[in-house]
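Text of the file model_2.cif, holding mmCIF, C-alpha atoms:
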data_protein
loop_
_atom_site.group_PDB
_atom_site.id
_atom_site.type_symbol
_atom_site.label_atom_id
_atom_site.label_comp_id
_atom_site.auth_asym_id
_atom_site.auth_seq_id
_atom_site.Cartn_x
_atom_site.Cartn_y
_atom_site.Cartn_z
ATOM 1 C CA MET A 198 -38.759 -109.623 113.943
ATOM 2 C CA SER A 199 -36.623 -107.069 112.091
ATOM 3 C CA GLU A 200 -36.174 -107.157 108.330
ATOM 4 C CA LEU A 201 -32.468 -107.900 108.796
ATOM 5 C CA SER A 202 -33.149 -110.860 111.061
ATOM 6 C CA SER A 203 -35.838 -112.192 108.704
ATOM 7 C CA ALA A 204 -33.472 -111.940 105.749
ATOM 8 C CA LYS A 205 -30.736 -113.735 107.683
ATOM 9 C CA LYS A 206 -33.118 -116.525 108.673
ATOM 10 C CA ALA A 207 -34.281 -116.922 105.070
ATOM 11 C CA ASP A 208 -30.670 -117.038 103.917
ATOM 12 C CA ASN A 209 -29.875 -119.761 106.471
ATOM 13 C CA VAL A 210 -32.860 -121.827 105.308
ATOM 14 C CA SER A 211 -31.773 -121.430 101.670
ATOM 15 C CA THR A 212 -28.197 -122.459 102.520
ATOM 16 C CA ALA A 213 -29.377 -125.519 104.465
ATOM 17 C CA SER A 214 -31.618 -126.530 101.568
ATOM 18 C CA SER A 215 -28.804 -126.217 99.024
ATOM 19 C CA HIS A 216 -26.480 -128.226 101.267
ATOM 20 C CA THR A 217 -29.098 -130.974 101.511
ATOM 21 C CA LEU A 218 -29.286 -131.046 97.714
ATOM 22 C CA LEU A 219 -25.504 -131.347 97.394
ATOM 23 C CA GLU A 220 -25.347 -134.015 100.090
ATOM 24 C CA GLY A 221 -27.967 -135.965 98.184
ATOM 25 C CA ARG A 222 -25.759 -135.909 95.097
ATOM 26 C CA LEU A 223 -22.722 -136.917 97.121
ATOM 27 C CA GLY A 224 -24.617 -139.644 98.951
ATOM 28 C CA TYR A 225 -23.400 -138.486 102.374
ATOM 29 C CA GLN A 226 -24.715 -136.141 105.049
ATOM 30 C CA LEU A 227 -21.824 -134.131 106.439
ATOM 31 C CA GLU A 228 -21.345 -132.050 109.561
ATOM 32 C CA SER A 229 -22.697 -128.649 108.573
ATOM 33 C CA ALA A 230 -19.701 -126.503 109.527
ATOM 34 C CA LEU A 231 -17.333 -128.872 107.734
ATOM 35 C CA LEU A 232 -19.337 -128.735 104.516
ATOM 36 C CA VAL A 233 -19.507 -124.928 104.714
ATOM 37 C CA ARG A 234 -15.730 -124.846 105.097
ATOM 38 C CA ALA A 235 -15.278 -127.154 102.084
ATOM 39 C CA LEU A 236 -17.366 -124.805 99.939
ATOM 40 C CA THR A 237 -15.679 -121.563 101.063
ATOM 41 C CA HIS A 238 -13.357 -120.149 98.423
ATOM 42 C CA ARG A 239 -10.640 -117.788 99.596
ATOM 43 C CA SER A 240 -12.234 -114.882 97.689
ATOM 44 C CA PHE A 241 -15.353 -115.155 99.865
ATOM 45 C CA ALA A 242 -13.283 -115.536 103.026
ATOM 46 C CA TYR A 243 -11.204 -112.425 102.327
ATOM 47 C CA GLU A 244 -14.276 -110.325 101.580
ATOM 48 C CA ASN A 245 -15.935 -111.426 104.809
ATOM 49 C CA GLY A 246 -13.354 -110.697 107.442
ATOM 50 C CA GLY A 247 -10.863 -113.508 106.916
ATOM 51 C CA LEU A 248 -13.069 -116.565 107.382
ATOM 52 C CA PRO A 249 -11.469 -120.034 107.246
ATOM 53 C CA THR A 250 -11.080 -121.208 103.642
ATOM 54 C CA ASN A 251 -11.306 -124.647 102.055
ATOM 55 C CA GLU A 252 -7.595 -124.797 101.228
ATOM 56 C CA ARG A 253 -6.573 -127.162 104.041
ATOM 57 C CA LEU A 254 -9.419 -129.515 103.114
ATOM 58 C CA GLU A 255 -8.349 -129.251 99.473
ATOM 59 C CA PHE A 256 -4.829 -130.336 100.475
ATOM 60 C CA LEU A 257 -6.236 -133.324 102.359
ATOM 61 C CA GLY A 258 -8.698 -134.279 99.636
ATOM 62 C CA ASP A 259 -5.987 -134.181 96.988
ATOM 63 C CA SER A 260 -4.060 -136.821 98.942
ATOM 64 C CA VAL A 261 -7.139 -138.998 99.481
ATOM 65 C CA LEU A 262 -8.066 -138.790 95.802
ATOM 66 C CA GLY A 263 -4.519 -139.593 94.736
ATOM 67 C CA LEU A 264 -4.346 -142.598 97.082
ATOM 68 C CA VAL A 265 -7.623 -144.126 95.919
ATOM 69 C CA VAL A 266 -6.926 -143.594 92.219
ATOM 70 C CA THR A 267 -3.352 -144.871 92.535
ATOM 71 C CA ASP A 268 -4.500 -147.979 94.433
ATOM 72 C CA THR A 269 -7.150 -148.668 91.789
ATOM 73 C CA LEU A 270 -4.741 -148.300 88.881
ATOM 74 C CA TYR A 271 -2.154 -150.491 90.638
ATOM 75 C CA ARG A 272 -4.694 -153.278 91.052
ATOM 76 C CA ILE A 273 -6.361 -153.190 87.627
ATOM 77 C CA HIS A 274 -3.079 -152.867 85.694
ATOM 78 C CA PRO A 275 -0.791 -155.433 87.389
ATOM 79 C CA ASP A 276 1.724 -155.474 84.543
ATOM 80 C CA LEU A 277 2.186 -151.757 83.895
ATOM 81 C CA PRO A 278 5.482 -150.143 84.936
ATOM 82 C CA GLU A 279 5.633 -147.218 87.342
ATOM 83 C CA GLY A 280 6.050 -144.612 84.629
ATOM 84 C CA GLN A 281 2.934 -145.683 82.746
ATOM 85 C CA LEU A 282 0.888 -145.882 85.971
ATOM 86 C CA ALA A 283 1.952 -142.319 86.743
ATOM 87 C CA LYS A 284 0.734 -141.186 83.322
ATOM 88 C CA LEU A 285 -2.595 -142.925 83.808
ATOM 89 C CA ARG A 286 -3.017 -141.261 87.195
ATOM 90 C CA ALA A 287 -2.212 -137.866 85.681
ATOM 91 C CA ALA A 288 -4.919 -138.456 83.069
ATOM 92 C CA VAL A 289 -7.481 -138.859 85.877
ATOM 93 C CA VAL A 290 -6.217 -136.521 88.594
ATOM 94 C CA ASN A 291 -5.899 -133.146 86.898
ATOM 95 C CA SER A 292 -7.815 -129.874 86.997
ATOM 96 C CA ARG A 293 -9.661 -130.481 83.744
ATOM 97 C CA ALA A 294 -10.891 -133.935 84.792
ATOM 98 C CA LEU A 295 -11.840 -132.784 88.292
ATOM 99 C CA ALA A 296 -13.709 -129.795 86.880
ATOM 100 C CA GLN A 297 -15.636 -132.133 84.595
ATOM 101 C CA VAL A 298 -16.724 -134.207 87.593
ATOM 102 C CA GLY A 299 -17.567 -131.031 89.513
ATOM 103 C CA ARG A 300 -19.786 -129.803 86.686
ATOM 104 C CA GLY A 301 -21.594 -133.136 86.745
ATOM 105 C CA LEU A 302 -22.468 -132.439 90.387
ATOM 106 C CA GLU A 303 -23.324 -128.798 89.547
ATOM 107 C CA LEU A 304 -20.814 -128.010 92.269
ATOM 108 C CA GLY A 305 -20.320 -124.445 91.083
ATOM 109 C CA SER A 306 -23.789 -123.428 92.269
ATOM 110 C CA PHE A 307 -22.884 -124.337 95.870
ATOM 111 C CA ILE A 308 -19.488 -122.613 96.171
ATOM 112 C CA ARG A 309 -19.193 -119.541 98.407
ATOM 113 C CA LEU A 310 -17.462 -117.021 96.147
ATOM 114 C CA GLY A 311 -16.389 -113.424 96.563
ATOM 115 C CA ARG A 312 -17.975 -110.752 94.391
ATOM 116 C CA GLY A 313 -14.871 -110.443 92.234
ATOM 117 C CA GLU A 314 -14.766 -114.131 91.310
ATOM 118 C CA GLU A 315 -18.541 -114.211 90.960
ATOM 119 C CA GLY A 316 -18.356 -111.430 88.384
ATOM 120 C CA THR A 317 -15.689 -113.150 86.297
ATOM 121 C CA GLY A 318 -17.400 -116.521 85.905
ATOM 122 C CA GLY A 319 -15.692 -118.155 88.860
ATOM 123 C CA ARG A 320 -18.444 -120.740 89.357
ATOM 124 C CA ASP A 321 -17.377 -122.480 86.167
ATOM 125 C CA LYS A 322 -13.605 -121.984 86.378
ATOM 126 C CA ALA A 323 -11.825 -125.320 86.151
ATOM 127 C CA SER A 324 -9.328 -124.464 88.892
ATOM 128 C CA ILE A 325 -12.032 -123.428 91.388
ATOM 129 C CA LEU A 326 -14.223 -126.446 90.635
ATOM 130 C CA ALA A 327 -11.268 -128.829 90.925
ATOM 131 C CA ASP A 328 -10.053 -127.336 94.208
ATOM 132 C CA THR A 329 -13.546 -127.354 95.715
ATOM 133 C CA LEU A 330 -14.162 -130.968 94.707
ATOM 134 C CA GLU A 331 -10.927 -131.986 96.420
ATOM 135 C CA ALA A 332 -12.031 -130.047 99.516
ATOM 136 C CA VAL A 333 -15.365 -131.888 99.523
ATOM 137 C CA ILE A 334 -13.540 -135.237 99.270
ATOM 138 C CA GLY A 335 -11.382 -134.144 102.209
ATOM 139 C CA ALA A 336 -14.509 -133.245 104.184
ATOM 140 C CA VAL A 337 -16.064 -136.664 103.498
ATOM 141 C CA TYR A 338 -12.843 -138.305 104.654
ATOM 142 C CA LEU A 339 -12.788 -136.343 107.926
ATOM 143 C CA ASP A 340 -16.477 -136.809 108.639
ATOM 144 C CA GLN A 341 -17.112 -140.333 107.364
ATOM 145 C CA GLY A 342 -13.710 -142.004 107.148
ATOM 146 C CA LEU A 343 -11.548 -143.474 104.404
ATOM 147 C CA ASP A 344 -14.031 -146.148 103.309
ATOM 148 C CA ALA A 345 -16.715 -143.554 102.605
ATOM 149 C CA ALA A 346 -14.272 -141.232 100.862
ATOM 150 C CA SER A 347 -13.004 -144.146 98.779
ATOM 151 C CA GLU A 348 -16.553 -145.106 97.786
ATOM 152 C CA LEU A 349 -17.246 -141.524 96.721
ATOM 153 C CA VAL A 350 -14.050 -141.333 94.656
ATOM 154 C CA HIS A 351 -14.882 -144.616 92.931
ATOM 155 C CA ARG A 352 -18.419 -143.485 92.152
ATOM 156 C CA LEU A 353 -17.232 -140.184 90.706
ATOM 157 C CA PHE A 354 -13.973 -141.202 89.042
ATOM 158 C CA ASP A 355 -14.236 -144.837 87.921
ATOM 159 C CA PRO A 356 -15.678 -143.739 84.549
ATOM 160 C CA LEU A 357 -12.632 -141.490 84.049
ATOM 161 C CA ILE A 358 -10.294 -144.305 85.103
ATOM 162 C CA GLU A 359 -11.911 -146.566 82.518
ATOM 163 C CA LYS A 360 -11.731 -143.837 79.874
ATOM 164 C CA SER A 361 -8.032 -143.263 80.586
ATOM 165 C CA SER A 362 -7.348 -146.883 79.639
ATOM 166 C CA ASN A 363 -8.728 -146.145 76.166
ATOM 167 C CA LEU A 364 -6.083 -143.520 75.497
ATOM 168 C CA GLY A 365 -2.796 -144.053 73.742
ATOM 169 C CA ALA A 366 0.690 -143.751 75.139
ATOM 170 C CA GLY A 367 0.375 -139.983 75.341
ATOM 171 C CA LEU A 368 -2.747 -140.337 77.511
ATOM 172 C CA ASP A 369 -4.630 -137.449 75.992
ATOM 173 C CA TRP A 370 -7.158 -137.425 73.161
ATOM 174 C CA LYS A 371 -5.142 -135.212 70.825
ATOM 175 C CA THR A 372 -2.179 -137.587 70.977
ATOM 176 C CA SER A 373 -4.433 -140.618 70.602
ATOM 177 C CA LEU A 374 -6.143 -139.072 67.573
ATOM 178 C CA GLN A 375 -2.777 -138.388 65.955
ATOM 179 C CA GLU A 376 -1.741 -142.018 66.524
ATOM 180 C CA LEU A 377 -5.000 -143.246 65.014
ATOM 181 C CA THR A 378 -4.908 -141.015 61.939
ATOM 182 C CA ALA A 379 -1.312 -142.092 61.310
ATOM 183 C CA ALA A 380 -2.341 -145.774 61.497
ATOM 184 C CA GLU A 381 -5.193 -145.076 59.085
ATOM 185 C CA SER A 382 -2.959 -142.971 56.769
ATOM 186 C CA LEU A 383 -5.414 -140.082 56.988
ATOM 187 C CA GLY A 384 -2.976 -137.279 57.671
ATOM 188 C CA VAL A 385 -2.272 -134.971 60.605
ATOM 189 C CA PRO A 386 -5.238 -133.568 62.582
ATOM 190 C CA GLU A 387 -5.785 -129.829 62.718
ATOM 191 C CA TYR A 388 -8.081 -127.815 64.956
ATOM 192 C CA LEU A 389 -10.158 -124.794 63.997
ATOM 193 C CA VAL A 390 -11.095 -122.830 67.112
ATOM 194 C CA THR A 391 -13.645 -120.049 67.510
ATOM 195 C CA GLU A 392 -14.607 -118.137 70.639
ATOM 196 C CA THR A 393 -17.723 -116.361 71.840
ATOM 197 C CA GLY A 394 -18.733 -114.365 74.913
ATOM 198 C CA PRO A 395 -17.146 -111.573 76.948
ATOM 199 C CA ASP A 396 -13.508 -111.766 78.050
ATOM 200 C CA HIS A 397 -14.380 -112.969 81.550
ATOM 201 C CA GLU A 398 -16.736 -115.696 80.309
ATOM 202 C CA LYS A 399 -15.525 -116.956 76.950
ATOM 203 C CA THR A 400 -16.680 -120.201 75.397
ATOM 204 C CA PHE A 401 -14.399 -121.924 72.894
ATOM 205 C CA THR A 402 -15.544 -124.263 70.132
ATOM 206 C CA ALA A 403 -13.065 -126.483 68.281
ATOM 207 C CA ALA A 404 -13.522 -128.588 65.147
ATOM 208 C CA ALA A 405 -11.121 -131.487 64.564
ATOM 209 C CA ARG A 406 -10.321 -131.843 60.856
ATOM 210 C CA VAL A 407 -8.258 -134.539 59.166
ATOM 211 C CA GLY A 408 -7.515 -134.349 55.468
ATOM 212 C CA GLY A 409 -9.987 -131.524 55.087
ATOM 213 C CA VAL A 410 -12.830 -133.526 56.660
ATOM 214 C CA SER A 411 -14.382 -132.522 59.993
ATOM 215 C CA TYR A 412 -14.746 -135.520 62.294
ATOM 216 C CA GLY A 413 -15.886 -133.889 65.527
ATOM 217 C CA THR A 414 -16.380 -130.733 67.545
ATOM 218 C CA GLY A 415 -15.999 -129.803 71.190
ATOM 219 C CA THR A 416 -16.663 -126.857 73.481
ATOM 220 C CA GLY A 417 -15.060 -125.645 76.686
ATOM 221 C CA ARG A 418 -14.033 -122.704 78.811
ATOM 222 C CA SER A 419 -10.513 -122.932 77.397
ATOM 223 C CA LYS A 420 -9.048 -123.631 73.966
ATOM 224 C CA LYS A 421 -7.298 -126.734 75.309
ATOM 225 C CA GLU A 422 -10.489 -128.171 76.745
ATOM 226 C CA ALA A 423 -12.408 -127.590 73.496
ATOM 227 C CA GLU A 424 -9.662 -129.213 71.408
ATOM 228 C CA GLN A 425 -9.506 -132.255 73.686
ATOM 229 C CA GLN A 426 -13.261 -132.768 73.417
ATOM 230 C CA ALA A 427 -13.132 -132.395 69.646
ATOM 231 C CA ALA A 428 -10.247 -134.872 69.462
ATOM 232 C CA GLU A 429 -12.181 -137.416 71.547
ATOM 233 C CA THR A 430 -15.237 -137.142 69.280
ATOM 234 C CA ALA A 431 -13.084 -137.482 66.169
ATOM 235 C CA TRP A 432 -11.162 -140.443 67.630
ATOM 236 C CA ARG A 433 -14.372 -142.328 68.362
ATOM 237 C CA SER A 434 -15.765 -141.613 64.889
ATOM 238 C CA ILE A 435 -12.633 -142.704 63.021
ATOM 239 C CA ARG A 436 -12.122 -145.721 65.272
ATOM 240 C CA ALA A 437 -15.701 -146.885 64.692
ATOM 241 C CA ASP A 438 -15.190 -146.611 60.924
ATOM 242 C CA ALA A 439 -11.919 -148.556 61.145
ATOM 243 C CA ASP A 440 -13.470 -151.316 63.233
ATOM 244 C CA GLU A 441 -16.414 -151.584 60.841
ATOM 245 C CA ARG A 442 -14.141 -151.900 57.799
ATOM 246 C CA ALA A 443 -11.942 -154.477 59.503
ATOM 247 C CA ALA A 444 -14.945 -156.563 60.565
ATOM 248 C CA ALA A 445 -16.449 -156.439 57.068
ATOM 249 C CA ALA A 446 -13.163 -157.432 55.416
ATOM 250 C CA LYS A 447 -12.652 -160.290 57.838
ATOM 251 C CA ALA A 448 -16.171 -161.600 57.278
ATOM 252 C CA ALA A 449 -15.733 -161.414 53.506
ATOM 253 C CA VAL A 450 -12.504 -163.394 53.331
ATOM 254 C CA GLU A 451 -13.763 -165.982 55.820
ATOM 255 C CA SER A 452 -16.852 -166.418 53.663
ATOM 256 C CA GLU A 453 -14.654 -167.131 50.664
ATOM 257 C CA THR A 454 -12.874 -169.860 52.617
ATOM 258 C CA LYS A 455 -16.118 -171.557 53.530
ATOM 259 C CA SER A 456 -17.284 -171.456 49.924
ATOM 260 C CA GLY A 457 -14.027 -173.089 48.802
ATOM 261 C CA THR A 458 -13.121 -170.372 46.310
ATOM 262 C CA ARG A 459 -9.818 -169.570 48.020
ATOM 263 C CA SER A 460 -7.187 -171.518 49.955
ATOM 264 C CA ALA A 461 -6.963 -171.318 53.739
ATOM 265 C CA ASP A 462 -3.423 -169.871 53.489
ATOM 266 C CA ASP A 463 -4.550 -167.052 51.192
ATOM 267 C CA VAL A 464 -7.489 -166.232 53.406
ATOM 268 C CA GLU A 465 -5.371 -166.289 56.541
ATOM 269 C CA GLY A 466 -3.049 -163.700 54.993
ATOM 270 C CA ASP A 467 -5.970 -161.498 53.967
ATOM 271 C CA VAL A 468 -7.558 -161.732 57.397
ATOM 272 C CA GLU A 469 -4.296 -160.649 58.994
ATOM 273 C CA GLU A 470 -4.041 -157.727 56.564
ATOM 274 C CA ALA A 471 -7.676 -156.743 57.130
ATOM 275 C CA THR A 472 -7.293 -156.707 60.888
ATOM 276 C CA ASP A 473 -3.794 -155.194 60.920
ATOM 277 C CA THR A 474 -4.965 -151.581 61.032
ATOM 278 C CA SER A 475 -7.546 -152.434 63.672
ATOM 279 C CA SER A 476 -4.850 -154.092 65.754
ATOM 280 C CA VAL A 477 -2.586 -151.076 65.435
ATOM 281 C CA VAL A 478 -5.425 -148.844 66.502
ATOM 282 C CA ALA A 479 -6.306 -151.181 69.357
ATOM 283 C CA ALA A 480 -2.836 -150.556 70.704
ATOM 284 C CA SER A 481 -3.978 -147.020 71.383
ATOM 285 C CA GLU A 482 -7.160 -148.240 73.044
ATOM 286 C CA SER A 483 -5.543 -149.920 76.000
ATOM 287 C CA ALA A 484 -2.772 -148.498 78.095
ATOM 288 C CA ASP A 485 -1.896 -152.050 79.019
ATOM 289 C CA VAL A 486 -0.013 -152.469 75.768
ATOM 290 C CA ALA A 487 2.103 -149.370 76.347
ATOM 291 C CA LYS A 488 4.735 -151.194 78.383
ATOM 292 C CA SER A 489 8.243 -149.941 78.675
#
Entire entry expressed as structure tokens:
Amino acid sequence: MSELSSAKKADNVSTASSHTLLEGRLGYQLESALLVRALTHRSFAYENGGLPTNERLEFLGDSVLGLVVTDTLYRIHPDLPEGQLAKLRAAVVNSRALAQVGRGLELGSFIRLGRGEEGTGGRDKASILADTLEAVIGAVYLDQGLDAASELVHRLFDPLIEKSSNLGAGLDWKTSLQELTAAESLGVPEYLVTETGPDHEKTFTAAARVGGVSYGTGTGRSKKEAEQQAAETAWRSIRADADERAAAAKAAVESETKSGTRSADDVEGDVEEATDTSSVVAASESADVAKS
């Protein structure tokens, strides 16, 4: 056997093994050629004689993903108007969210990339990860049917759907943090961003500060992604503090009622005041209250 043929055989074995690993993470065994197509970025196709790319599968998967997510949101939020449902869907079906799911699957390590994209950090680019994930969903739909594709979407995206319901009317963490800090009278959030790494592979780190105090940090391949992560961390920290204060105040005034040191009317007013901020903040926690 020639060295070339041995190398090709070894490469085929390695590819098959990596596909098996990905299929294990997806929970489905797909027709080999279809999975290869789903993982073939146009940069690889162009450098190898114009092979078929994953773009048609991406188009199909985008529709399948949109259908399943839209159906889920429609059912779990029966009272939300169309405009708010559209915002919730946009919070789940976007390049940043899809890339996050793709990174969880370590999808980048399986993508067939051209040398140019490989050299500029293409395996971790949000756009490439998002497009490839949609192509994989399209491949599952073609090979296994809508029920299987729907099950995969639910398994991968239900956590994001649940998280989207915790956001405020703006449906992003920066907006939600601004709403929360306003309710708590803390001031306007600001973000301090630093960057490291070469131009083609930069990593951004953001710190969310409110009133001169740092409440959270985040990292990402873009400034926007880092700021969103920092805002989420800060939101959770400030919200936890607000909930703790409200619970303590409520317990204190209720204790005074039981001891007979204060009237029920006085305590009722104090309880309402103690929980007022928490209620305002809770309005940002559920998209259900953002009705038009």
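When all atoms listed in the file are used to measure the gap to Arg300 in chain A, the shortest distance among A:Gly221, A:Thr430, A:Leu353, A:Asn251 belongs to A:Leu353.
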Per-axis box centre and lengths in Å around range 234-237 of chain A, 8 Å margin per side, axis-aligned, as lines of an AutoDock Vina configuration file:
center_x = -16.3
center_y = -124.4
center_z = 102.5
size_x = 18.1
size_y = 21.6
size_z = 21.2
Enumerate, as a compact mmCIF listing (two decimals) with C-alpha atoms, keeping the file's coordinate frame, the residues matched when the PyMOL selection byres ((chain A and resi 416) around 12) is run on the file above.
# COMPACT_ATOMS: atom_id res chain seq x y z
CA LEU A 389 -10.16 -124.79 64.00
CA VAL A 390 -11.10 -122.83 67.11
CA THR A 391 -13.64 -120.05 67.51
CA GLU A 392 -14.61 -118.14 70.64
CA THR A 393 -17.72 -116.36 71.84
CA LYS A 399 -15.52 -116.96 76.95
CA THR A 400 -16.68 -120.20 75.40
CA PHE A 401 -14.40 -121.92 72.89
CA THR A 402 -15.54 -124.26 70.13
CA ALA A 403 -13.06 -126.48 68.28
CA ALA A 404 -13.52 -128.59 65.15
CA ALA A 405 -11.12 -131.49 64.56
CA GLY A 413 -15.89 -133.89 65.53
CA THR A 414 -16.38 -130.73 67.54
CA GLY A 415 -16.00 -129.80 71.19
CA GLY A 417 -15.06 -125.64 76.69
CA ARG A 418 -14.03 -122.70 78.81
CA SER A 419 -10.51 -122.93 77.40
CA LYS A 420 -9.05 -123.63 73.97
CA LYS A 421 -7.30 -126.73 75.31
CA GLU A 422 -10.49 -128.17 76.74
CA ALA A 423 -12.41 -127.59 73.50
CA GLU A 424 -9.66 -129.21 71.41
CA GLN A 425 -9.51 -132.26 73.69
CA GLN A 426 -13.26 -132.77 73.42
CA ALA A 427 -13.13 -132.40 69.65
CA ALA A 428 -10.25 -134.87 69.46
CA GLU A 429 -12.18 -137.42 71.55
CA THR A 430 -15.24 -137.14 69.28
Pick from A:Arg239, A:Arg433, A:Arg442, A:Arg234, whichever lies nearest to Gly313 in chain A using all atoms listed in the file: A:Arg239
List the spatial neighbours of Ile435 in chain A as a PDB file with C-alpha atoms, in the coordinates of the input - criterion: any atom at most 12 Å away, only C-alpha atoms, same-chain residues fewer than 3 positions off excluded.
ATOM      1  CA  SER A 373      -4.433-140.618  70.602  1.00  0.00           C
ATOM      2  CA  LEU A 374      -6.143-139.072  67.573  1.00  0.00           C
ATOM      3  CA  GLN A 375      -2.777-138.388  65.955  1.00  0.00           C
ATOM      4  CA  GLU A 376      -1.741-142.018  66.524  1.00  0.00           C
ATOM      5  CA  LEU A 377      -5.000-143.246  65.014  1.00  0.00           C
ATOM      6  CA  THR A 378      -4.908-141.015  61.939  1.00  0.00           C
ATOM      7  CA  ALA A 379      -1.312-142.092  61.310  1.00  0.00           C
ATOM      8  CA  ALA A 380      -2.341-145.774  61.497  1.00  0.00           C
ATOM      9  CA  GLU A 381      -5.193-145.076  59.085  1.00  0.00           C
ATOM     10  CA  SER A 382      -2.959-142.971  56.769  1.00  0.00           C
ATOM     11  CA  LEU A 383      -5.414-140.082  56.988  1.00  0.00           C
ATOM     12  CA  PRO A 386      -5.238-133.568  62.582  1.00  0.00           C
ATOM     13  CA  ALA A 405     -11.121-131.487  64.564  1.00  0.00           C
ATOM     14  CA  ARG A 406     -10.321-131.843  60.856  1.00  0.00           C
ATOM     15  CA  VAL A 407      -8.258-134.539  59.166  1.00  0.00           C
ATOM     16  CA  VAL A 410     -12.830-133.526  56.660  1.00  0.00           C
ATOM     17  CA  SER A 411     -14.382-132.522  59.993  1.00  0.00           C
ATOM     18  CA  TYR A 412     -14.746-135.520  62.294  1.00  0.00           C
ATOM     19  CA  GLY A 413     -15.886-133.889  65.527  1.00  0.00           C
ATOM     20  CA  ALA A 428     -10.247-134.872  69.462  1.00  0.00           C
ATOM     21  CA  GLU A 429     -12.181-137.416  71.547  1.00  0.00           C
ATOM     22  CA  THR A 430     -15.237-137.142  69.280  1.00  0.00           C
ATOM     23  CA  ALA A 431     -13.084-137.482  66.169  1.00  0.00           C
ATOM     24  CA  TRP A 432     -11.162-140.443  67.630  1.00  0.00           C
ATOM     25  CA  ASP A 438     -15.190-146.611  60.924  1.00  0.00           C
ATOM     26  CA  ALA A 439     -11.919-148.556  61.145  1.00  0.00           C
ATOM     27  CA  ASP A 440     -13.470-151.316  63.233  1.00  0.00           C
ATOM     28  CA  GLU A 441     -16.414-151.584  60.841  1.00  0.00           C
ATOM     29  CA  ARG A 442     -14.141-151.900  57.799  1.00  0.00           C
ATOM     30  CA  THR A 474      -4.965-151.581  61.032  1.00  0.00           C
ATOM     31  CA  SER A 475      -7.546-152.434  63.672  1.00  0.00           C
ATOM     32  CA  VAL A 478      -5.425-148.844  66.502  1.00  0.00           C
TER      33      VAL A 478
END
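Residue membership of the PyMOL selection byres ((chain A and resi 238) around 9) in the shown file amounts to Arg234, Ala235, Leu236, Thr237, Arg239, Ser240, Phe241, Ala242, Tyr243, Thr250, Asn251, Glu252, Ile308, Arg309, Leu310, Gly311, Ile325, Asp328 and Thr329 of chain A.
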Coordinates-based distance that separates CA of His351 in chain A from CA of Asp259 in chain A (Å, one decimal): 14.3 Å
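Distances to Val233 in chain A were evaluated for A:Gly246, A:Glu453, A:Ala323, A:Leu219 using all atoms listed in the file, and the minimum falls at A:Leu219.
When all atoms listed in the file are used to compute distances to Val333 in chain A, the closest of the residues A:Pro278, A:Gly247, A:Gly299, A:Gly318 turns out to be A:Gly299.
For the residues A:Ala296, A:Ala332, A:Val266, A:Val450, ranking by smallest atom-to-atom distance to Arg320 in chain A using only C-alpha atoms places A:Ala296 first.
Take the candidates A:Lys360, A:His397, A:Arg253, A:His274 and check each one against Asp321 in chain A using only C-alpha atoms; the shortest distance goes to A:His397.
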Protein, DNA and RNA residues within 6 Å of (-15.2, -132.8, 106.3), all atoms listed in the file, as an mmCIF file with C-alpha atoms, in the coordinates of the input:
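Saved to point.cif:
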data_model
loop_
_atom_site.group_PDB
_atom_site.id
_atom_site.type_symbol
_atom_site.label_atom_id
_atom_site.label_comp_id
_atom_site.auth_asym_id
_atom_site.auth_seq_id
_atom_site.Cartn_x
_atom_site.Cartn_y
_atom_site.Cartn_z
ATOM 1 C CA LEU A 231 -17.333 -128.872 107.734
ATOM 2 C CA GLY A 335 -11.382 -134.144 102.209
ATOM 3 C CA ALA A 336 -14.509 -133.245 104.184
ATOM 4 C CA VAL A 337 -16.064 -136.664 103.498
ATOM 5 C CA LEU A 339 -12.788 -136.343 107.926
ATOM 6 C CA ASP A 340 -16.477 -136.809 108.639
#
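For the pair CA of Leu282 in chain A and CA of Gln341 in chain A, the separation is 28.5 Å.
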